[in-house]
Amino acid sequence: MITTKGAKIKVKDITNICYGICIFLFVIGQSYLLSSSAILATLCKGLKIVAATVPVLVLLRHSKFSIRNLLLWGLIALLIIGNIFFNQADSDLIYIVIFILYCSKAEPESVLKTYCISAGIAIAIVIFAWLIGILPSQTSAGREYLGFYFATFGPNLFLHTVLAYIASRKNKIKFKSWILIEVINVWFYKMTDTLAVFVVINASIILYYLLNIEKIKQFLFDRDFPRRILEIFPFFSAIATIVAQYFYIAHCNEPAFVAINAAFSNRPYFGKIALETYGVSLFGQPITWLTGTDGTKVSGMDYFYVDSSYLQVLVRYGVIMLVVLCLAMMAVQCYSVVTKNIYLCMGCSLFLIHCITDPQLLSFRYNPFIIISVACVGMIKSKKEFFERNRNEKEYE
């Protein structure tokens, strides 16, 4: 805890603020805002470095020496060295790891709230700049870019802001808030034709009211089978996606699977190409994704990208990384089950479902749930110790 003229600022508050600053900068970095001004881009880059560095100085000053801390900070150093010399660990992975460590003592819900506020403000600024003509108005196949580099960026960022908002709640969401969310959701759908986002947000509204029924809550949290399903849901989502992809590969020429591929915008087809070209390994391999802008081709194609988070991580980073990511997300699910937090459970589960078709699992700007994974492990331990202590006291009485 740091004292400044009578006011006490907690270390976890500083890390939370720095996380919010980085999220804000990463979100506007998805738009043409920074490219419109070299000075602004330089300032934002410097601010990002400061926001990522300040928690290190604060934590080092207030942390006691231990083998655990040495290993954690050593992991950060290895990631940075790997990024410099081997160009395999990208900046997303580095920011994810360091903020997992920074926020390891923070309340999970407060971190999610920080993400919601920071990302929401950044989205609003970009769209406002687009509306008043500061940013270019681009359209592709009838889809507006809204000031972002791609038409899907705005709605996807909005979706994850909504999921973080739901997951951070401790009280019920007012009906008027849902009306505002749905109005914005419809607007994004009409402007960008991003169907997956539109469907997931509408599903979240329906699920919210269903899961607030007391009998459904009791069924999910008080019975062993549904609780275990919720806890292992990250692994279930990953395994189901991979099995479905291999099933598609085996039957890709059949009419039903041709129709499924078309319905999912060729996602299964590109997953097939990735698996057949690169295969699966423990540690993955560097892959250059193609979006048709650089003239390069893979297997005669000028576009090559795997949208499914689980398949992308499996092919690019390998089996071990996918297992680690699923374990991290499982920690969040376990925390929501232990605390019977239906809102966090719902937000995280919908995020995992969205990752089946979209590449946001290993993304700093899109995935706030992975940032709270270590914090959730600590909270689970504290909750279990609390429950155990209360039980022992009752038995003693």
# chains A, B, ... in the order shown; residues from 1 in each chain; ligands from 1
call {"tool": "select_by_dssp", "arguments": {"residues": "range 3-250 of chain A", "states": "helix (DSSP H, G or I)", "output": "PyMOL selection string"}}
result
chain A and resi 11-28+34-36+38-62+67-85+91-105+108-131+153-168+175-192+195-211+214-222+224-231+233-250
call {"tool": "residues_around", "arguments": {"residues": "Ile206 in chain A", "least_positions_apart": "5", "cutoff": "12 Å", "atoms": "only C-alpha atoms", "output": "list of chain:residue names"}}
result
A:Trp178, A:Glu182, A:Val199, A:Val200, A:Ile201, A:Leu211, A:Asn212, A:Ile213, A:Met346
call {"tool": "atom_distance", "arguments": {"atom1": "CA of Ile127 in chain A", "atom2": "CA of Gln30 in chain A"}}
result
11.8 Å
call {"tool": "select_by_dssp", "arguments": {"residues": "range 134-352 of chain A", "states": "strand (DSSP E)", "output": "mmCIF file with N, CA and C atoms, in the first residue's frame"}}
result
data_model
loop_
_atom_site.group_PDB
_atom_site.id
_atom_site.type_symbol
_atom_site.label_atom_id
_atom_site.label_comp_id
_atom_site.auth_asym_id
_atom_site.auth_seq_id
_atom_site.Cartn_x
_atom_site.Cartn_y
_atom_site.Cartn_z
ATOM 1 N N THR A 139 -15.922 1.031 -46.818
ATOM 2 C CA THR A 139 -16.975 0.034 -46.949
ATOM 3 C C THR A 139 -16.475 -1.112 -47.819
ATOM 4 N N SER A 140 -16.768 -2.345 -47.401
ATOM 5 C CA SER A 140 -16.403 -3.521 -48.189
ATOM 6 C C SER A 140 -17.568 -4.497 -48.185
ATOM 7 N N ARG A 143 -20.285 -3.609 -45.880
ATOM 8 C CA ARG A 143 -19.980 -3.592 -44.445
ATOM 9 C C ARG A 143 -19.128 -2.371 -44.120
ATOM 10 N N GLU A 144 -19.598 -1.556 -43.196
ATOM 11 C CA GLU A 144 -18.871 -0.358 -42.779
ATOM 12 C C GLU A 144 -17.745 -0.724 -41.808
#
call {"tool": "closest_residue", "arguments": {"among": "A:Gly147, A:Gly154, A:Pro268, A:Gly378", "to": "Ala106 in chain A", "atoms": "only C-alpha atoms"}}
result
A:Gly378
call {"tool": "closest_residue", "arguments": {"among": "A:Tyr19, A:Phe225, A:Trp187, A:Tyr248", "to": "Tyr102 in chain A", "atoms": "only C-alpha atoms"}}
result
A:Tyr19
call {"tool": "atom_distance", "arguments": {"atom1": "CA of Tyr246 in chain A", "atom2": "CA of Gly279 in chain A"}}
result
11.8 Å
call {"tool": "residues_around", "arguments": {"residues": "range 47-54 of chain A", "least_positions_apart": "4", "cutoff": "10 Å", "atoms": "only C-alpha atoms", "output": "PyMOL selection string"}}
result
chain A and resi 14-15+17-26+41-43+58-59+95+98-99+102
call {"tool": "closest_residue", "arguments": {"among": "A:Lys176, A:Val315, A:Ala141, A:Phe150", "to": "Tyr32 in chain A", "atoms": "only C-alpha atoms"}}
result
A:Phe150
call {"tool": "residues_around", "arguments": {"residues": "Asn266 in chain A", "least_positions_apart": "6", "cutoff": "10 Å", "atoms": "only C-alpha atoms", "output": "PyMOL selection string"}}
result
chain A and resi 258-260+272+306-307
call {"tool": "closest_residue", "arguments": {"among": "A:Tyr208, A:Ser91, A:Ile28, A:Pro55", "to": "Val126 in chain A", "atoms": "only C-alpha atoms"}}
result
A:Ile28
call {"tool": "atom_distance", "arguments": {"atom1": "CA of Phe304 in chain A", "atom2": "CA of Leu290 in chain A"}}
result
4.8 Å
call {"tool": "residues_around", "arguments": {"residues": "Cys103 in chain A", "least_positions_apart": "5", "cutoff": "9 Å", "atoms": "only C-alpha atoms", "output": "VMD selection string"}}
result
chain A and resid 12 15 to 16 19 98 108 111 371 to 372 374 to 375
call {"tool": "decode", "arguments": {"residues": "range 16-39 of chain A", "atoms": "N, CA, C and O atoms", "output": "mmCIF file, in the first residue's frame"}}
result
data_model
loop_
_atom_site.group_PDB
_atom_site.id
_atom_site.type_symbol
_atom_site.label_atom_id
_atom_site.label_comp_id
_atom_site.auth_asym_id
_atom_site.auth_seq_id
_atom_site.Cartn_x
_atom_site.Cartn_y
_atom_site.Cartn_z
ATOM 1 N N ASN A 16 -4.424 -2.121 -11.774
ATOM 2 C CA ASN A 16 -5.717 -2.068 -12.456
ATOM 3 C C ASN A 16 -5.788 -0.876 -13.411
ATOM 4 O O ASN A 16 -6.253 -0.984 -14.546
ATOM 5 N N ILE A 17 -5.319 0.275 -12.923
ATOM 6 C CA ILE A 17 -5.320 1.488 -13.746
ATOM 7 C C ILE A 17 -4.416 1.306 -14.970
ATOM 8 O O ILE A 17 -4.786 1.663 -16.096
ATOM 9 N N CYS A 18 -3.249 0.733 -14.753
ATOM 10 C CA CYS A 18 -2.306 0.507 -15.860
ATOM 11 C C CYS A 18 -2.881 -0.489 -16.868
ATOM 12 O O CYS A 18 -2.688 -0.336 -18.082
ATOM 13 N N TYR A 19 -3.586 -1.496 -16.371
ATOM 14 C CA TYR A 19 -4.257 -2.452 -17.264
ATOM 15 C C TYR A 19 -5.298 -1.731 -18.117
ATOM 16 O O TYR A 19 -5.371 -1.934 -19.334
ATOM 17 N N GLY A 20 -6.076 -0.858 -17.491
ATOM 18 C CA GLY A 20 -7.091 -0.101 -18.222
ATOM 19 C C GLY A 20 -6.486 0.784 -19.300
ATOM 20 O O GLY A 20 -7.016 0.882 -20.413
ATOM 21 N N ILE A 21 -5.356 1.421 -18.985
ATOM 22 C CA ILE A 21 -4.673 2.280 -19.964
ATOM 23 C C ILE A 21 -4.216 1.451 -21.167
ATOM 24 O O ILE A 21 -4.398 1.850 -22.323
ATOM 25 N N CYS A 22 -3.633 0.291 -20.889
ATOM 26 C CA CYS A 22 -3.151 -0.569 -21.982
ATOM 27 C C CYS A 22 -4.301 -1.082 -22.844
ATOM 28 O O CYS A 22 -4.189 -1.121 -24.076
ATOM 29 N N ILE A 23 -5.409 -1.461 -22.221
ATOM 30 C CA ILE A 23 -6.568 -1.921 -22.985
ATOM 31 C C ILE A 23 -7.077 -0.796 -23.881
ATOM 32 O O ILE A 23 -7.360 -0.994 -25.070
ATOM 33 N N PHE A 24 -7.184 0.410 -23.334
ATOM 34 C CA PHE A 24 -7.629 1.570 -24.106
ATOM 35 C C PHE A 24 -6.738 1.769 -25.332
ATOM 36 O O PHE A 24 -7.223 1.952 -26.454
ATOM 37 N N LEU A 25 -5.415 1.711 -25.124
ATOM 38 C CA LEU A 25 -4.474 1.936 -26.225
ATOM 39 C C LEU A 25 -4.497 0.810 -27.241
ATOM 40 O O LEU A 25 -4.374 1.043 -28.450
ATOM 41 N N PHE A 26 -4.668 -0.428 -26.779
ATOM 42 C CA PHE A 26 -4.747 -1.558 -27.700
ATOM 43 C C PHE A 26 -6.013 -1.479 -28.552
ATOM 44 O O PHE A 26 -5.999 -1.835 -29.735
ATOM 45 N N VAL A 27 -7.111 -1.033 -27.963
ATOM 46 C CA VAL A 27 -8.371 -0.937 -28.717
ATOM 47 C C VAL A 27 -8.291 0.151 -29.782
ATOM 48 O O VAL A 27 -8.638 -0.086 -30.944
ATOM 49 N N ILE A 28 -7.828 1.345 -29.408
ATOM 50 C CA ILE A 28 -7.740 2.394 -30.431
ATOM 51 C C ILE A 28 -6.650 2.072 -31.450
ATOM 52 O O ILE A 28 -6.660 2.582 -32.571
ATOM 53 N N GLY A 29 -5.734 1.174 -31.076
ATOM 54 C CA GLY A 29 -4.717 0.714 -32.022
ATOM 55 C C GLY A 29 -5.293 -0.147 -33.129
ATOM 56 O O GLY A 29 -4.632 -0.407 -34.139
ATOM 57 N N GLN A 30 -6.538 -0.605 -32.955
ATOM 58 C CA GLN A 30 -7.234 -1.368 -33.982
ATOM 59 C C GLN A 30 -7.913 -0.461 -35.008
ATOM 60 O O GLN A 30 -8.563 -0.952 -35.930
ATOM 61 N N SER A 31 -7.785 0.839 -34.820
ATOM 62 C CA SER A 31 -8.455 1.804 -35.690
ATOM 63 C C SER A 31 -7.435 2.641 -36.458
ATOM 64 O O SER A 31 -6.229 2.528 -36.260
ATOM 65 N N TYR A 32 -7.940 3.528 -37.315
ATOM 66 C CA TYR A 32 -7.093 4.441 -38.079
ATOM 67 C C TYR A 32 -6.722 5.689 -37.272
ATOM 68 O O TYR A 32 -6.082 6.582 -37.799
ATOM 69 N N LEU A 33 -7.119 5.717 -36.009
ATOM 70 C CA LEU A 33 -6.905 6.912 -35.195
ATOM 71 C C LEU A 33 -5.420 7.232 -35.038
ATOM 72 O O LEU A 33 -4.995 8.379 -35.202
ATOM 73 N N LEU A 34 -4.615 6.222 -34.721
ATOM 74 C CA LEU A 34 -3.194 6.453 -34.502
ATOM 75 C C LEU A 34 -2.456 6.724 -35.811
ATOM 76 O O LEU A 34 -1.499 7.503 -35.841
ATOM 77 N N SER A 35 -2.902 6.085 -36.900
ATOM 78 C CA SER A 35 -2.239 6.303 -38.186
ATOM 79 C C SER A 35 -2.536 7.686 -38.751
ATOM 80 O O SER A 35 -1.867 8.132 -39.688
ATOM 81 N N SER A 36 -3.535 8.366 -38.170
ATOM 82 C CA SER A 36 -3.878 9.707 -38.650
ATOM 83 C C SER A 36 -2.907 10.767 -38.140
ATOM 84 O O SER A 36 -2.883 11.885 -38.634
ATOM 85 N N SER A 37 -2.101 10.425 -37.130
ATOM 86 C CA SER A 37 -1.158 11.386 -36.556
ATOM 87 C C SER A 37 0.077 10.658 -36.038
ATOM 88 O O SER A 37 -0.028 9.817 -35.127
ATOM 89 N N ALA A 38 1.242 10.975 -36.597
ATOM 90 C CA ALA A 38 2.489 10.342 -36.166
ATOM 91 C C ALA A 38 2.823 10.715 -34.725
ATOM 92 O O ALA A 38 3.332 9.889 -33.957
ATOM 93 N N ILE A 39 2.522 11.959 -34.350
ATOM 94 C CA ILE A 39 2.788 12.420 -32.976
ATOM 95 C C ILE A 39 1.924 11.651 -31.980
ATOM 96 O O ILE A 39 2.395 11.182 -30.940
#
